[in-house]
Structures are given as C-alpha cells and as structure tokens.
>>> print(open('coords-v4.cif').read())   # mmCIF, C-alpha atoms
data_final
loop_
_atom_site.group_PDB
_atom_site.id
_atom_site.type_symbol
_atom_site.label_atom_id
_atom_site.label_comp_id
_atom_site.auth_asym_id
_atom_site.auth_seq_id
_atom_site.Cartn_x
_atom_site.Cartn_y
_atom_site.Cartn_z
ATOM 1 C CA MET I 1178 -20.311 21.228 17.482
ATOM 2 C CA LEU I 1179 -23.438 19.117 17.953
ATOM 3 C CA LYS I 1180 -26.915 20.015 16.741
ATOM 4 C CA ARG I 1181 -29.943 19.019 18.833
ATOM 5 C CA TYR I 1182 -33.522 18.824 17.561
ATOM 6 C CA ARG I 1183 -36.896 19.811 18.939
ATOM 7 C CA PRO I 1184 -38.636 16.532 19.903
ATOM 8 C CA THR I 1185 -41.526 16.659 17.452
ATOM 9 C CA SER I 1186 -41.281 12.873 17.008
ATOM 10 C CA ALA I 1187 -39.775 9.924 18.833
ATOM 11 C CA GLY I 1188 -37.158 9.471 16.093
ATOM 12 C CA ILE I 1189 -35.501 12.837 16.711
ATOM 13 C CA ARG I 1190 -36.041 13.177 20.456
ATOM 14 C CA PHE I 1191 -32.525 11.980 21.268
ATOM 15 C CA ARG I 1192 -30.945 12.685 17.885
ATOM 16 C CA LYS I 1193 -27.679 14.666 17.882
ATOM 17 C CA THR I 1194 -25.834 15.324 14.635
ATOM 18 C CA LEU I 1195 -22.409 16.785 14.009
ATOM 19 C CA VAL I 1196 -22.288 20.229 12.399
ATOM 20 C CA ARG I 1197 -19.243 20.303 10.157
ATOM 21 C CA GLU I 1198 -18.501 24.020 10.161
ATOM 22 C CA ASN I 1199 -15.398 23.722 7.982
ATOM 23 C CA THR I 1200 -17.127 21.839 5.153
ATOM 24 C CA THR I 1201 -17.333 23.846 1.937
ATOM 25 C CA GLY I 1202 -18.622 23.368 -1.575
ATOM 26 C CA ASN I 1203 -21.327 20.977 -2.776
ATOM 27 C CA LYS I 1204 -21.106 18.015 -0.407
ATOM 28 C CA SER I 1205 -23.017 15.652 -2.714
ATOM 29 C CA THR I 1206 -20.730 15.979 -5.737
ATOM 30 C CA PRO I 1207 -17.121 14.941 -5.027
ATOM 31 C CA LEU I 1208 -14.456 14.963 -7.713
ATOM 32 C CA LYS I 1209 -15.533 12.238 -10.137
ATOM 33 C CA SER I 1210 -12.030 11.112 -11.099
ATOM 34 C CA LEU I 1211 -11.193 10.355 -7.445
ATOM 35 C CA THR I 1212 -14.333 8.362 -6.600
ATOM 36 C CA PHE I 1213 -15.845 4.991 -7.411
ATOM 37 C CA PRO I 1214 -19.113 3.361 -6.249
ATOM 38 C CA LEU I 1215 -19.128 0.774 -3.482
ATOM 39 C CA ASN I 1216 -20.783 -2.441 -4.652
ATOM 40 C CA GLY I 1217 -21.250 -5.926 -3.255
ATOM 41 C CA ALA I 1218 -21.897 -7.158 0.257
ATOM 42 C CA ALA I 1219 -20.452 -5.313 3.254
ATOM 43 C CA GLY I 1220 -18.640 -7.049 6.094
ATOM 44 C CA ARG I 1221 -17.847 -10.129 4.002
ATOM 45 C CA SER I 1222 -14.688 -11.569 2.481
ATOM 46 C CA ASN I 1223 -15.149 -14.158 -0.280
ATOM 47 C CA GLY I 1224 -18.725 -14.647 0.868
ATOM 48 C CA ARG I 1225 -17.863 -15.317 4.525
ATOM 49 C CA ILE I 1226 -18.695 -12.885 7.327
ATOM 50 C CA SER I 1227 -15.551 -11.030 8.388
ATOM 51 C CA SER I 1228 -17.244 -8.112 10.185
ATOM 52 C CA ARG I 1229 -20.570 -8.863 11.832
ATOM 53 C CA HIS I 1230 -23.632 -6.600 11.937
ATOM 54 C CA ARG I 1231 -22.724 -4.714 8.762
ATOM 55 C CA GLN I 1232 -24.637 -4.093 5.527
ATOM 56 C CA ARG I 1233 -24.119 -1.932 2.464
ATOM 57 C CA GLY I 1234 -26.694 0.689 3.502
ATOM 58 C CA HIS I 1235 -27.363 3.778 1.415
ATOM 59 C CA LYS I 1236 -25.484 4.090 -1.868
ATOM 60 C CA MET I 1237 -22.082 5.722 -1.326
ATOM 61 C CA HIS I 1238 -19.029 6.542 -3.393
ATOM 62 C CA TYR I 1239 -15.569 5.863 -2.001
ATOM 63 C CA ARG I 1240 -13.121 8.771 -2.110
ATOM 64 C CA LEU I 1241 -9.530 7.910 -3.029
ATOM 65 C CA VAL I 1242 -7.532 9.529 -0.217
ATOM 66 C CA ASP I 1243 -3.783 10.057 -0.532
ATOM 67 C CA PHE I 1244 -2.338 8.432 2.588
ATOM 68 C CA LYS I 1245 1.210 8.210 1.172
ATOM 69 C CA ARG I 1246 1.751 11.947 0.542
ATOM 70 C CA ASP I 1247 4.480 11.015 -1.945
ATOM 71 C CA LYS I 1248 4.399 14.197 -4.057
ATOM 72 C CA ARG I 1249 7.543 15.668 -2.550
ATOM 73 C CA ASP I 1250 8.280 19.421 -2.488
ATOM 74 C CA ILE I 1251 5.370 20.286 -4.805
ATOM 75 C CA PRO I 1252 3.081 22.915 -3.237
ATOM 76 C CA ALA I 1253 -0.666 22.415 -3.321
ATOM 77 C CA LYS I 1254 -3.611 24.710 -2.606
ATOM 78 C CA VAL I 1255 -6.655 23.598 -0.607
ATOM 79 C CA ALA I 1256 -9.593 23.958 -3.005
ATOM 80 C CA SER I 1257 -12.349 22.639 -0.707
ATOM 81 C CA ILE I 1258 -12.978 20.734 2.502
ATOM 82 C CA GLU I 1259 -15.648 18.076 2.063
ATOM 83 C CA HIS I 1260 -17.595 15.492 4.046
ATOM 84 C CA ASP I 1261 -16.600 11.877 3.436
ATOM 85 C CA PRO I 1262 -19.374 9.366 4.246
ATOM 86 C CA ASN I 1263 -16.791 6.570 4.558
ATOM 87 C CA ARG I 1264 -14.916 8.058 7.540
ATOM 88 C CA GLY I 1265 -15.407 10.365 10.494
ATOM 89 C CA ALA I 1266 -12.805 12.968 9.536
ATOM 90 C CA SER I 1267 -13.363 15.481 6.742
ATOM 91 C CA ILE I 1268 -11.203 15.424 3.617
ATOM 92 C CA ALA I 1269 -9.521 18.273 1.743
ATOM 93 C CA LEU I 1270 -9.206 18.514 -2.038
ATOM 94 C CA LEU I 1271 -5.729 19.670 -3.080
ATOM 95 C CA HIS I 1272 -4.831 21.316 -6.383
ATOM 96 C CA TYR I 1273 -1.100 20.792 -6.967
ATOM 97 C CA ALA I 1274 1.075 23.217 -8.892
ATOM 98 C CA ASP I 1275 1.619 20.616 -11.651
ATOM 99 C CA GLY I 1276 -2.163 20.272 -12.206
ATOM 100 C CA GLU I 1277 -2.806 17.030 -10.306
ATOM 101 C CA LYS I 1278 -5.663 16.807 -7.777
ATOM 102 C CA ARG I 1279 -5.750 14.638 -4.671
ATOM 103 C CA TYR I 1280 -7.739 14.167 -1.479
ATOM 104 C CA ILE I 1281 -6.060 14.184 1.952
ATOM 105 C CA LEU I 1282 -7.370 13.996 5.520
ATOM 106 C CA ALA I 1283 -8.243 17.485 6.775
ATOM 107 C CA PRO I 1284 -6.698 18.397 10.167
ATOM 108 C CA GLN I 1285 -7.941 21.078 12.542
ATOM 109 C CA GLY I 1286 -6.945 24.559 11.423
ATOM 110 C CA LEU I 1287 -6.742 23.754 7.712
ATOM 111 C CA SER I 1288 -8.826 26.195 5.660
ATOM 112 C CA VAL I 1289 -9.678 26.766 2.014
ATOM 113 C CA GLY I 1290 -6.926 28.667 0.220
ATOM 114 C CA ALA I 1291 -4.149 27.396 2.498
ATOM 115 C CA GLN I 1292 -0.978 25.965 0.972
ATOM 116 C CA VAL I 1293 0.358 22.549 1.988
ATOM 117 C CA VAL I 1294 3.446 20.623 0.929
ATOM 118 C CA SER I 1295 5.090 17.290 1.654
ATOM 119 C CA GLY I 1296 8.853 16.997 2.113
ATOM 120 C CA GLU I 1297 11.748 17.133 4.567
ATOM 121 C CA LYS I 1298 11.993 20.943 4.413
ATOM 122 C CA SER I 1299 8.284 21.622 4.907
ATOM 123 C CA GLU I 1300 7.091 24.042 7.568
ATOM 124 C CA LEU I 1301 5.458 22.774 10.753
ATOM 125 C CA LYS I 1302 1.922 23.755 9.708
ATOM 126 C CA PRO I 1303 -1.321 21.711 9.755
ATOM 127 C CA GLY I 1304 -1.551 19.576 6.630
ATOM 128 C CA ASN I 1305 2.178 19.464 5.854
ATOM 129 C CA ALA I 1306 3.825 16.026 5.797
ATOM 130 C CA LEU I 1307 7.367 15.430 7.078
ATOM 131 C CA PRO I 1308 9.538 12.530 8.244
ATOM 132 C CA MET I 1309 9.267 12.207 12.028
ATOM 133 C CA SER I 1310 12.988 12.898 12.397
ATOM 134 C CA LYS I 1311 12.192 16.519 11.408
ATOM 135 C CA ILE I 1312 9.219 16.923 13.772
ATOM 136 C CA PRO I 1313 9.938 18.232 17.320
ATOM 137 C CA LEU I 1314 8.898 16.452 20.512
ATOM 138 C CA GLY I 1315 5.407 16.987 21.871
ATOM 139 C CA MET I 1316 3.829 17.885 18.516
ATOM 140 C CA GLU I 1317 0.503 16.365 17.483
ATOM 141 C CA ILE I 1318 0.585 14.374 14.250
ATOM 142 C CA HIS I 1319 -1.763 12.078 12.320
ATOM 143 C CA ASN I 1320 -1.696 9.690 9.340
ATOM 144 C CA VAL I 1321 1.483 8.048 10.653
ATOM 145 C CA GLU I 1322 3.378 5.460 8.606
ATOM 146 C CA LEU I 1323 4.504 2.150 10.098
ATOM 147 C CA SER I 1324 6.809 1.306 7.184
ATOM 148 C CA PRO I 1325 8.561 3.903 4.979
ATOM 149 C CA GLY I 1326 6.632 4.549 1.766
ATOM 150 C CA ARG I 1327 3.679 2.334 2.684
ATOM 151 C CA GLY I 1328 1.350 5.199 3.602
ATOM 152 C CA GLY I 1329 -0.233 6.343 6.838
ATOM 153 C CA GLN I 1330 -1.897 3.617 8.920
ATOM 154 C CA MET I 1331 -2.222 5.078 12.427
ATOM 155 C CA ALA I 1332 -4.140 8.036 13.917
ATOM 156 C CA ARG I 1333 -6.595 8.462 11.051
ATOM 157 C CA GLY I 1334 -9.942 8.654 12.915
ATOM 158 C CA ALA I 1335 -11.990 11.772 13.669
ATOM 159 C CA GLY I 1336 -10.398 13.858 16.426
ATOM 160 C CA ASN I 1337 -7.396 11.521 16.719
ATOM 161 C CA SER I 1338 -3.719 12.386 16.882
ATOM 162 C CA ALA I 1339 -0.447 10.830 18.013
ATOM 163 C CA VAL I 1340 2.274 12.604 20.007
ATOM 164 C CA ILE I 1341 6.047 12.258 19.630
ATOM 165 C CA MET I 1342 7.331 11.414 23.122
ATOM 166 C CA ALA I 1343 11.035 10.689 22.568
ATOM 167 C CA LYS I 1344 13.701 9.992 19.941
ATOM 168 C CA GLU I 1345 16.144 7.120 20.407
ATOM 169 C CA GLY I 1346 18.632 6.508 17.581
ATOM 170 C CA ILE I 1347 16.730 5.684 14.402
ATOM 171 C CA TYR I 1348 13.427 5.233 16.282
ATOM 172 C CA VAL I 1349 10.741 7.576 17.547
ATOM 173 C CA ASN I 1350 8.504 6.796 20.523
ATOM 174 C CA LEU I 1351 4.894 7.588 19.637
ATOM 175 C CA LYS I 1352 1.974 7.855 22.035
ATOM 176 C CA LEU I 1353 -1.062 6.632 20.087
ATOM 177 C CA PRO I 1354 -4.713 7.627 20.663
ATOM 178 C CA SER I 1355 -5.250 4.385 22.638
ATOM 179 C CA GLY I 1356 -2.552 5.417 25.132
ATOM 180 C CA GLU I 1357 -0.102 2.829 23.803
ATOM 181 C CA VAL I 1358 3.505 3.876 23.164
ATOM 182 C CA LYS I 1359 5.233 2.349 20.138
ATOM 183 C CA ARG I 1360 8.609 2.650 18.446
ATOM 184 C CA VAL I 1361 8.520 3.651 14.774
ATOM 185 C CA LEU I 1362 11.370 4.386 12.370
ATOM 186 C CA ASP I 1363 12.084 8.128 12.219
ATOM 187 C CA VAL I 1364 12.177 8.102 8.398
ATOM 188 C CA CYS I 1365 8.451 7.328 8.320
ATOM 189 C CA TYR I 1366 6.245 10.237 7.277
ATOM 190 C CA ALA I 1367 3.483 11.825 9.339
ATOM 191 C CA THR I 1368 1.205 14.832 8.868
ATOM 192 C CA ILE I 1369 1.155 17.794 11.236
ATOM 193 C CA GLY I 1370 -1.954 18.478 13.332
ATOM 194 C CA ALA I 1371 -4.876 16.642 14.905
ATOM 195 C CA LEU I 1372 -7.867 15.578 12.828
ATOM 196 C CA GLY I 1373 -11.150 17.452 13.199
ATOM 197 C CA ASN I 1374 -14.732 16.391 14.022
ATOM 198 C CA LEU I 1375 -13.865 15.499 17.623
ATOM 199 C CA ASP I 1376 -17.550 15.633 18.636
ATOM 200 C CA LEU I 1377 -18.447 12.786 16.273
ATOM 201 C CA ARG I 1378 -18.156 10.315 19.181
ATOM 202 C CA ASN I 1379 -21.004 12.153 20.956
ATOM 203 C CA ALA I 1380 -23.403 12.079 17.976
ATOM 204 C CA ARG I 1381 -26.570 9.970 18.214
ATOM 205 C CA ALA I 1382 -28.545 8.604 15.283
ATOM 206 C CA GLY I 1383 -31.817 8.814 17.210
ATOM 207 C CA LYS I 1384 -33.533 5.878 15.502
ATOM 208 C CA ALA I 1385 -32.708 2.441 14.161
ATOM 209 C CA GLY I 1386 -33.590 3.325 10.573
ATOM 210 C CA ARG I 1387 -30.852 5.925 10.348
ATOM 211 C CA LYS I 1388 -28.306 3.400 11.583
ATOM 212 C CA ARG I 1389 -29.458 0.998 8.844
ATOM 213 C CA HIS I 1390 -28.925 3.718 6.225
ATOM 214 C CA MET I 1391 -25.401 4.183 7.575
ATOM 215 C CA GLY I 1392 -24.573 0.489 7.154
ATOM 216 C CA GLY I 1393 -25.442 -1.027 10.534
ATOM 217 C CA ARG I 1394 -27.468 -4.171 11.174
ATOM 218 C CA PRO I 1395 -29.231 -5.305 14.364
ATOM 219 C CA HIS I 1396 -27.021 -6.698 17.117
ATOM 220 C CA ILE I 1397 -28.737 -9.188 19.424
ATOM 221 C CA ARG I 1398 -27.195 -10.439 22.669
ATOM 222 C CA GLY I 1399 -26.192 -14.082 22.822
ATOM 223 C CA VAL I 1400 -28.288 -14.844 25.923
ATOM 224 C CA ALA I 1401 -31.385 -13.485 24.169
ATOM 225 C CA HIS I 1402 -31.388 -16.445 21.768
ATOM 226 C CA ALA I 1403 -33.943 -19.112 22.578
ATOM 227 C CA ASN I 1404 -31.892 -22.148 21.529
ATOM 228 C CA PRO I 1405 -28.229 -23.139 22.016
ATOM 229 C CA SER I 1406 -28.196 -24.109 18.345
ATOM 230 C CA ASP I 1407 -28.465 -20.393 17.476
ATOM 231 C CA HIS I 1408 -25.814 -19.193 19.931
ATOM 232 C CA PRO I 1409 -23.706 -20.898 22.645
ATOM 233 C CA HIS I 1410 -25.136 -18.444 25.217
ATOM 234 C CA GLY I 1411 -28.731 -19.278 24.304
ATOM 235 C CA GLY I 1412 -31.091 -21.684 25.990
ATOM 236 C CA SER I 1413 -32.166 -21.979 29.626
ATOM 237 C CA TYR I 1414 -29.017 -20.453 31.144
ATOM 238 C CA LYS I 1415 -30.234 -16.852 30.986
ATOM 239 C CA ASP I 1416 -31.135 -16.704 34.688
ATOM 240 C CA ASN I 1417 -27.658 -17.841 35.772
ATOM 241 C CA GLY I 1418 -25.435 -15.932 33.366
ATOM 242 C CA ILE I 1419 -24.214 -17.595 30.190
ATOM 243 C CA GLY I 1420 -23.791 -21.103 31.647
ATOM 244 C CA MET I 1421 -20.102 -21.448 30.767
ATOM 245 C CA SER I 1422 -16.718 -20.396 32.106
ATOM 246 C CA SER I 1423 -15.907 -17.905 29.341
ATOM 247 C CA PRO I 1424 -17.916 -16.041 26.681
ATOM 248 C CA LYS I 1425 -18.146 -17.534 23.206
ATOM 249 C CA SER I 1426 -18.819 -16.229 19.716
ATOM 250 C CA PRO I 1427 -21.772 -17.590 17.689
ATOM 251 C CA TRP I 1428 -19.338 -20.146 16.246
ATOM 252 C CA GLY I 1429 -17.977 -21.262 19.631
ATOM 253 C CA TRP I 1430 -14.708 -19.308 19.635
ATOM 254 C CA LYS I 1431 -13.472 -17.803 22.902
ATOM 255 C CA THR I 1432 -14.015 -14.051 23.078
ATOM 256 C CA ARG I 1433 -13.619 -11.094 25.455
ATOM 257 C CA GLY I 1434 -10.222 -11.596 27.018
ATOM 258 C CA LYS I 1435 -8.632 -13.951 24.518
ATOM 259 C CA LYS I 1436 -5.354 -12.471 23.296
ATOM 260 C CA THR I 1437 -5.317 -12.131 19.517
ATOM 261 C CA ARG I 1438 -2.178 -10.038 19.085
ATOM 262 C CA SER I 1439 0.754 -11.735 17.366
ATOM 263 C CA ARG I 1440 3.548 -11.449 19.909
ATOM 264 C CA ASN I 1441 6.422 -11.704 17.424
ATOM 265 C CA ARG I 1442 5.120 -9.035 15.035
ATOM 266 C CA THR I 1443 3.656 -6.257 17.167
ATOM 267 C CA ASN I 1444 5.182 -6.583 20.639
ATOM 268 C CA LYS I 1445 8.668 -6.169 19.200
ATOM 269 C CA TYR I 1446 8.232 -2.389 18.958
ATOM 270 C CA LEU I 1447 5.919 -1.987 21.963
ATOM 271 C CA VAL I 1448 7.180 0.384 24.666
ATOM 272 C CA LYS I 1449 4.026 0.635 26.814
ATOM 273 C CA ASP I 1450 0.939 -1.550 26.541
ATOM 274 C CA ARG I 1451 -2.390 0.294 26.345
ATOM 275 C CA ARG I 1452 -3.864 -2.037 28.974
ATOM 276 C CA ILE I 1453 -1.316 -0.997 31.630
ATOM 277 C CA LYS I 1454 -2.299 2.272 33.279
#
>>> encode(input="coords-v4.cif", output="structure tokens")
Amino acid sequence: MLKRYRPTSAGIRFRKTLVRENTTGNKSTPLKSLTFPLNGAAGRSNGRISSRHRQRGHKMHYRLVDFKRDKRDIPAKVASIEHDPNRGASIALLHYADGEKRYILAPQGLSVGAQVVSGEKSELKPGNALPMSKIPLGMEIHNVELSPGRGGQMARGAGNSAVIMAKEGIYVNLKLPSGEVKRVLDVCYATIGALGNLDLRNARAGKAGRKRHMGGRPHIRGVAHANPSDHPHGGSYKDNGIGMSSPKSPWGWKTRGKKTRSRNRTNKYLVKDRRIK
C-alpha cells in the first residue's frame, strides 16, 4: 500500500512512500550479532567505478540474511518482521529450536509467530524451503539456487517470484520474473511463496535530496555535456542526435544493444529468452 502526502511543499507534492503493514518491532534496532556497518565508497571495486551514480548515502547497517537455508529439519519461529534498508523486501527474524537466530527474506503471508522449516519433508507453506523436486508445478517460489548448496541467487527482489513450469529428468524449467525460462537442477533449494512489498516499484522519493540519502547520485545525459572530452555524446551534435552510429559509454564502450551475456555459461540452460515474446 502506498501513502500519499498533502502538498504543503514542493518536496512532498509527488512523494509516495510504501507502507509496510507487516513490519513489527523496533525498525531502527536490528539484531546486533547479525549486522555490521557499511563503510567505504559505494559503487567502486578497488577504487575503480563498477556501478555508476552511486554513493554511500545515509549510514546503514547490513543485515546478514540466510540465503542458503541449510539448517535442515530444525523448526524455527518467526520472532519479528523488519524493514531492511539494503533491499526492497522485508526480512524475518527466526528463532530456531536449538537457540540460533537468523534472518531470512519474508514472503507474503508470513506472520509473527508462524513456524518455518527447511528440508525435504517440509510442508508447502510460505517461508518453508524445499528442493524443487518436492515442489509441485505452478507454485510460486523465491530465493532459488542455481547450484546446490550455494544459496539462493534468483527471485530475491520485492514482489518477485519464479514459477515451476515443467520437470524434465533431473532438471526443472523455471519461469523467472523477467519472463525468461531456465533449466535448473531439481536438487536445488527454493523457498515457498512470493516476496512482499510489490508496490515498492510505484514509490516516488519526491525530491533529489531523499534520493541522495538513499545512495543515489545525479545522472546526466551524455548529450548534455558541453565537450566531447567529457562524454562521446557531448559537443555540437546535440541537434542531430548523438553524432555516431551507436551509443557509447563515457569511456567509449558500445552500449545499449551490445550483447554482454557469455554464451557458453548462461545460454546452455536457457529454454526461452526474455527478449523473445
């Protein structure tokens, strides 16, 4: 559900924020043993820019989320459902029967006091993790593994889920949120249910300052640069497009249409490309 504001200022005239109705407890104090502060520059790897238009923003603590779900056949109780500033989906704090505590991604329908478990004999309830060989066709799942024991890597965003379309031998055909269909080994684990906070994609910050607090930096178009030395699209070509046959990055690399997927690694298990309607 989205919250709209009375336009008492220009900064909140178009602001729309997500109301997380299932969030419980004190949102500002996560479990200390499962958090650590985020330090250093954002969007950089060894000092070089790896993700443009990013900054550290407001101080945040990273929550250690259990994507592997490797505590087999040990029941856990949902103690709280909390907001995670590092991701769109909410997270749930689990108290296991042996005393251990872990965070997991919170799917729709998971409430405080519910019991979840990971294992081959688990029930088909939201929050339970099973190998995909034990999950029936047409069921929504999230946090899907690509390799057994590596941990969930697919369908982890707010409102996302994958659907089991078919089972062929030791493989399962999965329809991903992008519309792509991939083959994955049926021994890989996945969690039942679709993730919450679907309306997050419709939220609006309302002003540039709030986006800066959230870790964004200004993004200027290439043709808006005055000189070609600043960007290949810059200069006197603005009236006639970009002045070249294909778009370029600030460093002169071809962009927008250039295929970057490694054919040998990812196309091997591709059933249907997301670009083919």
>>> resolve_selection(input="coords-v4.cif", expression="the PyMOL selection byres ((chain I and resi 1338) around 8)", output="list in words")
Glu1317, Ile1318, His1319, Ala1332, Arg1333, Gly1336, Asn1337, Ala1339, Val1340, Leu1353, Pro1354, Gly1370, Ala1371 and Leu1372 of chain I
>>> atom_distance(input="coords-v4.cif", atom1="atom CA of Leu1323 of chain I", atom2="atom CA of Asp1450 of chain I")
17.2 Å
>>> resolve_selection(input="coords-v4.cif", expression="the PyMOL selection byres ((chain I and resi 1283) around 10)", output="PyMOL selection string")
chain I and resi 1199+1255+1257-1260+1266-1270+1280-1282+1284-1288+1303-1304+1335+1370-1374
>>> atom_distance(input="coords-v4.cif", atom1="atom CA of Leu1271 of chain I", atom2="atom CA of Ile1369 of chain I")
16.0 Å
>>> atom_distance(input="coords-v4.cif", atom1="atom CA of Tyr1366 of chain I", atom2="atom CA of Leu1307 of chain I")
5.3 Å
>>> resolve_selection(input="coords-v4.cif", expression="the PyMOL selection byres ((chain I and resi 1251) around 12)", output="NGL selection string")
:I and (1246-1250 or 1252-1254 or 1271-1278 or 1292-1299 or 1305-1306)
>>> residues_around(input="coords-v4.cif", residues="Pro1395 of chain I", least_positions_apart="2", cutoff="7 Å", atoms="all atoms listed in the file", output="CSV table (one decimal) with C-alpha atoms, keeping the file's coordinate frame")
chain,number,residue,atom,x,y,z
I,1230,HIS,CA,-23.6,-6.6,11.9
I,1393,GLY,CA,-25.4,-1.0,10.5
I,1397,ILE,CA,-28.7,-9.2,19.4
>>> residues_around(input="coords-v4.cif", residues="segment 1428-1442 of chain I", least_positions_apart="6", cutoff="10 Å", atoms="only C-alpha atoms", output="PyMOL selection string")
chain I and resi 1406-1410
>>> residues_around(input="coords-v4.cif", residues="Glu1345 of chain I", least_positions_apart="5", cutoff="10 Å", atoms="only C-alpha atoms", output="list of chain:residue names")
I:Asn1350, I:Arg1360, I:Leu1362, I:Asp1363
